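Containing compact mmCIF, C-alpha atoms and all ligand atoms: coords_39.txt.
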# COMPACT_ATOMS: atom_id res chain seq x y z
CA MET A 239 118.80 108.13 92.36
CA THR A 240 118.64 104.54 93.66
CA VAL A 241 117.17 103.98 97.11
CA LEU A 242 116.54 101.03 99.42
CA GLY A 243 113.18 101.45 101.18
CA LEU A 244 112.10 99.74 104.42
CA GLU A 245 108.51 99.46 105.69
CA THR A 246 107.51 98.03 109.11
CA SER A 247 104.70 100.28 110.35
CA CYS A 248 101.97 97.65 110.60
CA ASP A 249 101.84 93.96 109.74
CA GLU A 250 103.97 93.84 106.60
CA THR A 251 107.77 93.57 106.74
CA ALA A 252 108.84 95.02 103.40
CA ALA A 253 111.98 96.11 101.56
CA SER A 254 112.38 97.44 98.03
CA VAL A 255 114.91 99.01 95.71
CA VAL A 256 113.59 101.80 93.49
CA ARG A 257 115.46 103.85 90.90
CA LEU A 258 114.25 107.35 90.10
CA THR A 259 115.48 108.82 86.82
CA GLU A 260 114.26 112.24 85.70
CA GLY A 261 110.99 111.81 87.60
CA ARG A 262 110.40 108.27 86.31
CA ALA A 263 110.34 105.46 88.87
CA GLU A 264 111.55 101.93 88.22
CA VAL A 265 110.93 99.24 90.84
CA LEU A 266 114.02 97.00 90.83
CA SER A 267 112.62 94.77 93.58
CA SER A 268 109.74 94.76 96.05
CA VAL A 269 109.61 92.11 98.76
CA VAL A 270 106.66 92.00 101.16
CA HIS A 271 106.43 89.51 104.01
CA SER A 272 102.87 89.58 105.32
CA GLN A 273 102.21 88.61 108.94
CA ILE A 274 98.56 87.73 108.26
CA ASP A 275 99.02 84.16 109.55
CA ASP A 276 100.56 85.42 112.83
CA HIS A 277 97.57 87.65 113.58
CA ALA A 278 94.61 85.83 112.00
CA ALA A 279 93.78 83.87 115.16
CA TYR A 280 93.33 87.17 117.06
CA GLY A 281 91.09 88.81 114.43
CA GLY A 282 93.43 91.80 114.08
CA VAL A 283 97.01 93.00 114.42
CA VAL A 284 98.62 92.37 117.84
CA PRO A 285 101.35 95.07 118.21
CA GLU A 286 103.76 92.98 120.30
CA ILE A 287 103.60 90.03 117.90
CA ALA A 288 104.03 92.41 114.95
CA ALA A 289 107.16 94.02 116.40
CA ARG A 290 108.78 90.66 117.19
CA SER A 291 108.01 89.36 113.73
CA HIS A 292 109.57 92.47 112.13
CA VAL A 293 112.77 91.80 114.15
CA GLU A 294 112.84 88.22 112.88
CA MET A 295 112.18 89.11 109.23
CA ILE A 296 113.75 92.50 108.46
CA ALA A 297 117.30 91.31 107.68
CA GLU A 298 116.14 88.46 105.43
CA VAL A 299 113.53 90.57 103.62
CA THR A 300 116.16 93.27 102.98
CA ARG A 301 118.71 90.73 101.79
CA ARG A 302 116.16 89.36 99.31
CA ALA A 303 115.23 92.83 98.04
CA MET A 304 118.90 93.68 97.43
CA ALA A 305 119.52 90.29 95.74
CA GLU A 306 116.43 90.50 93.50
CA ALA A 307 117.50 94.00 92.42
CA ASP A 308 121.03 92.63 91.85
CA MET A 309 122.17 95.55 93.96
CA ALA A 310 125.19 96.12 96.22
CA TYR A 311 125.12 98.77 98.96
CA ASP A 312 127.68 100.88 97.12
CA GLY A 313 125.19 101.12 94.23
CA LEU A 314 122.69 102.91 96.48
CA ASP A 315 122.32 106.67 96.93
CA GLY A 316 120.42 106.41 100.21
CA ILE A 317 118.27 104.39 102.59
CA ALA A 318 114.67 105.33 103.31
CA ALA A 319 112.69 103.93 106.22
CA THR A 320 109.17 104.52 107.47
CA ALA A 321 109.43 106.65 110.64
CA GLY A 322 105.67 106.79 111.36
CA PRO A 323 102.76 106.92 111.70
CA GLY A 324 102.00 103.37 112.80
CA LEU A 325 102.58 100.83 115.56
CA VAL A 326 105.66 102.33 117.13
CA GLY A 327 107.31 99.02 118.10
CA GLY A 328 107.30 97.99 114.45
CA VAL A 329 108.32 101.40 113.13
CA MET A 330 111.36 101.35 115.44
CA VAL A 331 112.53 98.03 113.97
CA GLY A 332 112.65 99.26 110.36
CA LEU A 333 113.93 102.71 111.26
CA SER A 334 116.71 101.34 113.49
CA PHE A 335 117.69 98.81 110.84
CA GLY A 336 117.80 101.62 108.27
CA LYS A 337 119.92 103.79 110.57
CA ALA A 338 122.39 100.97 111.17
CA ALA A 339 122.69 100.24 107.44
CA ALA A 340 123.08 103.95 106.61
CA LEU A 341 125.79 104.38 109.27
CA ALA A 342 127.63 101.23 108.31
CA ARG A 343 127.64 102.07 104.59
CA GLY A 344 128.06 105.83 104.90
CA LEU A 345 124.77 106.48 103.10
CA PRO A 346 122.23 109.25 103.75
CA LEU A 347 119.14 108.27 105.76
CA VAL A 348 115.68 109.47 104.78
CA ALA A 349 112.91 109.15 107.38
CA VAL A 350 109.66 108.77 105.43
CA ASN A 351 106.09 109.36 106.53
CA HIS A 352 104.15 106.17 105.68
CA LEU A 353 101.25 108.25 104.33
CA GLU A 354 103.61 110.15 102.07
CA GLY A 355 104.55 106.74 100.68
CA HIS A 356 100.88 106.00 99.90
CA ALA A 357 100.57 109.52 98.45
CA VAL A 358 103.33 108.96 95.85
CA SER A 359 102.49 105.28 95.16
CA ALA A 360 100.60 105.97 91.91
CA ARG A 361 103.93 107.21 90.51
CA LEU A 362 105.22 103.61 90.74
CA GLY A 363 103.02 102.61 87.81
CA ALA A 364 102.87 105.68 85.61
CA GLU A 365 104.54 109.01 85.03
CA VAL A 366 102.52 111.40 87.13
CA ALA A 367 103.20 115.11 87.33
CA TYR A 368 102.47 117.15 90.45
CA PRO A 369 100.17 118.62 91.61
CA PHE A 370 97.19 116.29 91.92
CA LEU A 371 94.14 115.79 94.10
CA LEU A 372 94.51 112.66 96.22
CA LEU A 373 91.99 110.48 98.01
CA LEU A 374 93.99 108.46 100.54
CA VAL A 375 91.91 105.51 101.76
CA SER A 376 93.70 103.00 103.93
CA GLY A 377 93.26 100.97 107.09
CA GLY A 378 93.83 103.92 109.39
CA HIS A 379 93.16 106.99 107.24
CA CYS A 380 90.59 108.55 104.95
CA GLN A 381 91.63 111.97 103.65
CA LEU A 382 91.48 114.26 100.64
CA LEU A 383 94.74 116.10 99.98
CA GLU A 384 96.25 118.48 97.51
CA VAL A 385 99.65 116.94 96.71
CA ARG A 386 102.24 119.36 95.32
CA GLY A 387 105.22 117.07 96.01
CA VAL A 388 106.96 115.26 98.86
CA GLY A 389 106.81 117.34 102.02
CA ASP A 390 104.31 119.66 100.39
CA MET A 391 100.72 118.50 100.89
CA SER A 392 97.65 120.07 102.40
CA ARG A 393 94.60 118.36 103.73
CA ILE A 394 91.22 119.34 102.29
CA GLY A 395 89.07 116.91 104.25
CA ALA A 396 89.26 113.86 106.50
CA THR A 397 87.11 111.33 108.32
CA ILE A 398 85.53 112.55 111.53
CA ASP A 399 85.41 109.01 112.93
CA ASP A 400 86.49 105.72 111.32
CA ALA A 401 88.68 105.17 108.26
CA ALA A 402 87.12 103.45 105.24
CA GLY A 403 89.42 100.43 105.58
CA GLU A 404 88.55 100.16 109.25
CA ALA A 405 84.84 100.10 108.31
CA PHE A 406 85.53 97.31 105.81
CA ASP A 407 87.53 95.35 108.40
CA LYS A 408 85.05 95.70 111.27
CA ILE A 409 81.96 94.95 109.19
CA ALA A 410 83.74 91.96 107.62
CA LYS A 411 84.52 90.70 111.13
CA ALA A 412 80.84 91.05 112.11
CA LEU A 413 80.00 88.91 109.06
CA GLY A 414 82.50 86.28 110.22
CA LEU A 415 84.83 86.90 107.28
CA GLY A 416 88.05 87.07 109.30
CA TYR A 417 91.04 89.36 108.89
CA PRO A 418 91.90 91.32 106.78
CA GLY A 419 88.32 92.08 105.97
CA GLY A 420 88.42 94.33 102.90
CA PRO A 421 89.36 91.75 100.26
CA ALA A 422 87.05 89.12 101.83
CA LEU A 423 84.11 91.51 101.86
CA GLU A 424 84.78 92.44 98.23
CA ARG A 425 84.75 88.75 97.24
CA LEU A 426 81.49 88.08 99.09
CA ALA A 427 79.85 91.19 97.59
CA THR A 428 80.21 89.73 94.09
CA GLN A 429 77.62 87.07 95.11
CA GLY A 430 75.14 89.57 96.53
CA ASP A 431 72.61 92.23 95.66
CA GLY A 432 72.35 94.96 98.25
CA SER A 433 69.90 97.17 96.40
CA LYS A 434 67.07 96.40 98.85
CA ILE A 435 69.11 97.19 101.97
CA ASP A 436 68.85 100.72 103.23
CA LEU A 437 72.03 102.02 104.89
CA PRO A 438 72.62 105.53 106.31
CA ARG A 439 73.96 108.14 103.90
CA ALA A 440 76.20 110.14 106.24
CA LEU A 441 77.16 113.69 105.26
CA LEU A 442 75.73 113.19 101.76
CA GLY A 443 75.55 116.51 99.97
CA ARG A 444 77.27 118.42 102.79
CA LYS A 445 79.50 121.24 101.58
CA ASP A 446 82.79 120.28 103.27
CA CYS A 447 84.98 117.35 102.22
CA ASP A 448 84.83 115.29 105.41
CA PHE A 449 83.84 111.64 105.80
CA SER A 450 81.99 109.58 108.40
CA PHE A 451 81.64 105.81 108.53
CA SER A 452 80.55 105.07 112.10
CA GLY A 453 76.79 105.31 111.39
CA LEU A 454 77.17 102.91 108.47
CA LYS A 455 79.21 100.56 110.64
CA THR A 456 76.60 100.52 113.44
CA ALA A 457 73.75 99.93 110.98
CA ALA A 458 75.69 97.14 109.27
CA PHE A 459 76.44 95.47 112.64
CA ARG A 460 72.71 95.47 113.40
CA ILE A 461 71.75 94.00 110.03
CA ALA A 462 74.57 91.42 110.28
CA GLN A 463 72.92 89.99 113.41
CA THR A 464 69.72 89.33 111.45
CA CYS A 465 71.44 87.56 108.53
CA GLN A 466 70.18 83.97 108.30
CA THR A 467 71.72 82.68 105.09
CA GLU A 468 74.94 83.09 103.12
CA GLN A 469 72.86 85.02 100.57
CA ASP A 470 71.76 87.50 103.27
CA LYS A 471 75.41 88.09 104.15
CA ALA A 472 76.41 88.54 100.52
CA ASP A 473 73.58 91.04 100.01
CA LEU A 474 74.75 93.02 103.04
CA ALA A 475 78.38 92.95 101.82
CA ASP A 476 77.26 94.36 98.46
CA ALA A 477 75.21 97.09 100.16
CA VAL A 478 78.12 98.06 102.44
CA GLN A 479 80.62 98.21 99.58
CA ASN A 480 78.25 100.37 97.53
CA ALA A 481 77.55 102.67 100.49
CA ILE A 482 81.29 103.19 101.08
CA ALA A 483 81.88 103.80 97.36
CA ARG A 484 78.99 106.26 97.26
CA GLN A 485 80.30 108.25 100.19
CA LEU A 486 83.86 108.34 98.88
CA SER A 487 82.51 109.55 95.56
CA ASP A 488 80.15 112.17 97.02
CA ARG A 489 82.79 113.68 99.31
CA SER A 490 85.41 113.62 96.54
CA GLU A 491 83.02 115.47 94.24
CA ARG A 492 83.12 118.45 96.59
CA ALA A 493 86.90 118.49 96.45
CA LEU A 494 87.01 117.97 92.67
CA ALA A 495 84.71 120.93 92.08
CA ALA A 496 86.77 123.22 94.33
CA TYR A 497 90.10 121.97 92.95
CA ALA A 498 88.99 122.50 89.34
CA GLU A 499 88.42 126.18 90.03
CA THR A 500 92.08 126.77 90.85
CA HIS A 501 93.97 124.16 88.80
CA GLU A 502 94.55 123.71 85.07
CA HIS A 503 96.08 120.25 85.39
CA ARG A 504 93.18 118.11 86.58
CA LEU A 505 94.25 114.75 87.93
CA PHE A 506 92.48 112.73 90.62
CA VAL A 507 94.47 109.93 92.28
CA VAL A 508 93.22 107.30 94.75
CA ALA A 509 95.74 105.41 96.91
CA GLY A 510 95.91 103.17 100.01
CA GLY A 511 94.64 99.64 100.64
CA VAL A 512 90.99 100.44 99.87
CA ALA A 513 92.08 101.64 96.40
CA ALA A 514 92.50 97.92 95.59
CA ASN A 515 88.69 97.59 95.63
CA LYS A 516 87.41 97.30 92.04
CA THR A 517 83.95 98.77 92.69
CA ILE A 518 85.51 101.75 94.45
CA ARG A 519 88.05 102.29 91.67
CA ALA A 520 85.32 102.19 89.02
CA THR A 521 83.03 104.52 90.97
CA LEU A 522 85.80 107.07 91.53
CA GLN A 523 86.92 106.86 87.92
CA ALA A 524 83.39 107.72 86.80
CA THR A 525 83.23 110.58 89.30
CA ALA A 526 86.54 111.97 88.04
CA ALA A 527 85.39 111.77 84.42
CA LYS A 528 82.16 113.57 85.27
CA HIS A 529 84.22 116.51 86.52
CA GLY A 530 86.70 116.49 83.62
CA PHE A 531 89.56 114.94 85.64
CA ASP A 532 92.04 112.28 84.58
CA PHE A 533 92.03 109.36 87.03
CA LEU A 534 94.81 107.17 88.33
CA ALA A 535 95.22 104.44 90.96
CA PRO A 536 98.48 102.64 91.84
CA PRO A 537 99.13 99.14 90.45
CA MET A 538 97.29 96.66 92.71
CA ALA A 539 100.48 95.47 94.44
CA TYR A 540 101.25 99.00 95.62
CA CYS A 541 97.82 99.83 97.09
CA THR A 542 98.33 97.95 100.36
CA ASP A 543 101.53 98.38 102.37
CA ASN A 544 104.81 97.89 100.54
CA ALA A 545 108.31 99.33 100.63
CA ALA A 546 108.49 100.47 96.98
CA MET A 547 106.35 103.48 97.88
CA ILE A 548 108.69 104.25 100.80
CA ALA A 549 111.77 103.93 98.57
CA LEU A 550 110.16 106.24 95.98
CA ALA A 551 109.19 108.90 98.55
CA GLY A 552 112.77 108.60 99.90
CA ALA A 553 114.27 109.01 96.41
CA GLU A 554 112.11 112.07 95.72
CA ARG A 555 113.19 113.57 99.04
CA LEU A 556 116.83 112.76 98.36
CA ALA A 557 116.57 114.43 94.94
CA LEU A 558 115.44 117.58 96.77
CA GLY A 559 118.32 117.30 99.26
CA LEU A 560 116.00 116.33 102.10
CA THR A 561 117.78 113.84 104.34
CA SER A 562 117.30 113.06 108.05
CA ASP A 563 119.54 113.17 111.08
CA ILE A 564 120.66 109.82 112.42
CA ASP A 565 118.90 110.57 115.73
CA VAL A 566 115.48 111.01 114.08
CA VAL A 567 112.82 109.28 116.21
CA ALA A 568 109.86 107.05 115.36
CA ARG A 569 106.51 108.83 115.55
CA PRO A 570 103.32 106.84 116.27
CA ARG A 571 101.32 109.87 115.07
CA TRP A 572 102.51 112.10 112.27
CA PRO A 573 100.00 114.12 110.23
CA LEU A 574 100.92 114.28 106.57
CA ASP A 575 100.79 118.05 106.27
CA GLU A 576 103.45 118.17 109.00
CA ALA A 577 105.72 115.85 107.00
CA ARG A 578 108.04 118.67 105.99
CA ALA A 579 111.76 118.36 105.73
CA LEU A 580 114.82 116.91 107.36
CA SER A 581 115.38 119.64 109.88
CA ASP A 582 111.79 119.68 111.12
CA PRO A 583 112.42 120.21 114.87
CA SER A 584 109.14 118.56 115.81
CA HIS A 585 110.61 115.34 114.50
CA LYS A 586 113.28 115.15 117.19
P1 LIG B 1 97.52 103.25 107.19
O1 LIG B 1 98.17 103.26 105.86
O2 LIG B 1 96.37 104.19 107.31
O3 LIG B 1 98.51 103.39 108.31
P2 LIG B 1 97.36 100.41 106.82
O4 LIG B 1 98.78 100.58 106.43
O5 LIG B 1 96.99 99.33 107.75
O6 LIG B 1 96.84 101.81 107.40
P3 LIG B 1 96.84 99.77 104.08
O7 LIG B 1 97.81 98.67 104.07
O8 LIG B 1 97.04 100.88 103.17
O9 LIG B 1 96.47 100.28 105.54
O10 LIG B 1 95.44 99.13 103.70
C1 LIG B 1 94.88 98.10 104.45
C2 LIG B 1 93.39 98.33 104.45
O11 LIG B 1 92.89 98.23 103.12
C3 LIG B 1 92.63 97.33 105.30
O12 LIG B 1 91.66 98.03 106.04
C4 LIG B 1 92.00 96.42 104.25
O13 LIG B 1 90.80 95.81 104.66
C5 LIG B 1 91.75 97.40 103.12
N1 LIG B 1 91.66 96.70 101.82
C6 LIG B 1 92.61 95.98 101.21
N2 LIG B 1 92.14 95.44 100.07
C7 LIG B 1 90.83 95.85 99.97
C8 LIG B 1 89.78 95.61 99.01
N3 LIG B 1 89.98 94.85 97.94
N4 LIG B 1 88.59 96.20 99.27
C9 LIG B 1 88.39 96.96 100.35
N5 LIG B 1 89.32 97.21 101.28
C10 LIG B 1 90.53 96.65 101.08
MG MG B 2 98.57 95.38 106.43
FE FE B 3 99.35 101.84 104.86
For the structure just supplied, provide its representation as structure tokens.
Amino acid sequence: MTVLGLETSCDETAASVVRLTEGRAEVLSSVVHSQIDDHAAYGGVVPEIAARSHVEMIAEVTRRAMAEADMAYDGLDGIAATAGPGLVGGVMVGLSFGKAAALARGLPLVAVNHLEGHAVSARLGAEVAYPFLLLLVSGGHCQLLEVRGVGDMSRIGATIDDAAGEAFDKIAKALGLGYPGGPALERLATQGDGSKIDLPRALLGRKDCDFSFSGLKTAAFRIAQTCQTEQDKADLADAVQNAIARQLSDRSERALAAYAETHEHRLFVVAGGVAANKTIRATLQATAAKHGFDFLAPPMAYCTDNAAMIALAGAERLALGLTSDIDVVARPRWPLDEARALSDPSHK
């Protein structure tokens, strides 16, 4: 199964060709054009600018992905495009481009939920069998899910306010680190020691598997205003990173304990942009080991947005016979446990 994937839900225009053979994924190409420079001056993603930039880049990015994979359209089995959730102007660009290509070449179209892409992304770097417990930590989401396969996931817990990536981005902005904040805050934290800074420990020890980052964010904003030196800022960055890691670990522990009671195959996967954070990876790996779970995170390049994860989710859907109608619409909101099949009427 060889699939061209397209991703335009936020500020990356991406295209990729992935081949899926007996459950094993091979990335033949993965091209990502980041719009960071277009948005940096505004301190965040401007939807109108993002959509226009996707229009300008999508054809060229796709051409490059096909060329780097040495692929012709008649070598493809289908075309997968992100259909949501995300900034709808951008989603419409990639989805419409995918529809046009699918129609022109007589190929099946697979509308993919962007979060489903993140959910399968660890399979781009290793052979991973379903089911597994997933912590999805990205710019807009923070959820624990049981993943049984594409279109078959249930949510165990989720943030009641901000996403972890959003907390990284907003606190980084308050520290004057610019956009995107996560990687910048991680770099600064390596220079700091946050052990003397006391930050709120939201929901710690609570029995459910939910998350909350708004109290941490507010406290960090307040402390950021009192920072006088670069060292003060670095210390705060270290404290924030550790507090986020601690909460992700504590909340995941609840889910790991419950999951272990009902599953023989114990695998804990972390995915999404925040999974690129080394402290967070190491903390979660230790937490998984403590509970007797294997641990896996996607290769670094497939943590943040990319089209290889969309192509893979599309290939897995195609292998199950799940294709989409050509009149499928872009969805700005689309919960993952609703991401069922092709004929899902709510998707019209
Ligand atoms: P969603 O997938 O929820 O729609 P998104 O697509 O914008 O949101 P991703 O591309 O998965 O999110 O991830 C981007 C987020 O990951 C940003 O919030 C960014 O700050 C964060 N991030 C990226 N690298 C790191 C890092 N090294 N440490 C911490 N956070 C990081
Ligand atoms: Mg992005
Ligand atoms: Fe994403």
Report as CSV the residues of chain A within 6 Å of ligand LIG 1 (chain B), each with its shortest atom pair and distance in Å (one decimal), using all atoms listed in the file, ordered by chain and increasing residue number.
residue,atom,partner,partner_atom,distance
A:Cys248,CA,B:LIG1,O5,6.0
A:Gly324,CA,B:LIG1,O3,5.7
A:Ser376,CA,B:LIG1,O8,4.0
A:Gly377,CA,B:LIG1,O12,3.5
A:Gly378,CA,B:LIG1,O2,3.3
A:His379,CA,B:LIG1,O2,4.3
A:Gly403,CA,B:LIG1,O12,3.3
A:Glu404,CA,B:LIG1,O12,5.0
A:Phe406,CA,B:LIG1,O13,5.6
A:Asp407,CA,B:LIG1,O13,5.0
A:Pro418,CA,B:LIG1,O13,5.1
A:Gly419,CA,B:LIG1,O13,4.7
A:Gly420,CA,B:LIG1,O13,3.3
A:Pro421,CA,B:LIG1,N3,3.9
A:Glu424,CA,B:LIG1,N4,5.5
A:Gly510,CA,B:LIG1,O8,4.1
A:Gly511,CA,B:LIG1,O10,3.2
A:Val512,CA,B:LIG1,N5,3.9
A:Ala514,CA,B:LIG1,N3,4.6
A:Asn515,CA,B:LIG1,N3,3.8
A:Thr542,CA,B:LIG1,O7,3.8
A:Asp543,CA,B:LIG1,O7,4.1
**Request:** Please give me, as number ranges by chain, the residues lying within 12 Å of ligand FE 3 (chain B) when counting all atoms listed in the file.
**Result:** A: 245-252, 320, 322-325, 351-357, 359, 374-380, 401, 403-404, 509-513, 540-545, 547-548
**Prompt:** Which residue out of A:Asn480, A:Gln485, A:Ser562, A:Ser291 has the minimum interatomic distance to A:Ala319 when only C-alpha atoms are used?
**Reply:**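 Result for the nearest residue to A:Ala319: A:Ser562.
Near A:Ile435, within a cut-off of 8 Å and counting all atoms listed in the file, sit the residues Gly432, Asp473, Leu474 and Ala477 of chain A, with same-chain residues fewer than 3 positions away left out.
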**Message:** Show me, as a list in words, the residues that have an atom within 12 Å of A:Ala367 when counting only C-alpha atoms, minus same-chain residues fewer than 5 positions from it.
**Reply:**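 Skipping anything fewer than 5 positions along the chain leaves Glu260, Gly261, Arg262, Val358, Ala360, Arg361, Val385, Arg386, Gly387, His503, Arg504, Leu505, Phe506, Val507, Asp532 and Leu534 of chain A.
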**Request:** Tell me, as a ChimeraX atom specification, which residues lie within 10 Å of A:Leu314, counting all atoms listed in the file; anything in the same chain fewer than 4 positions away does not count.
**Result:** /A:239-242,255-257,309-310,343,345-346
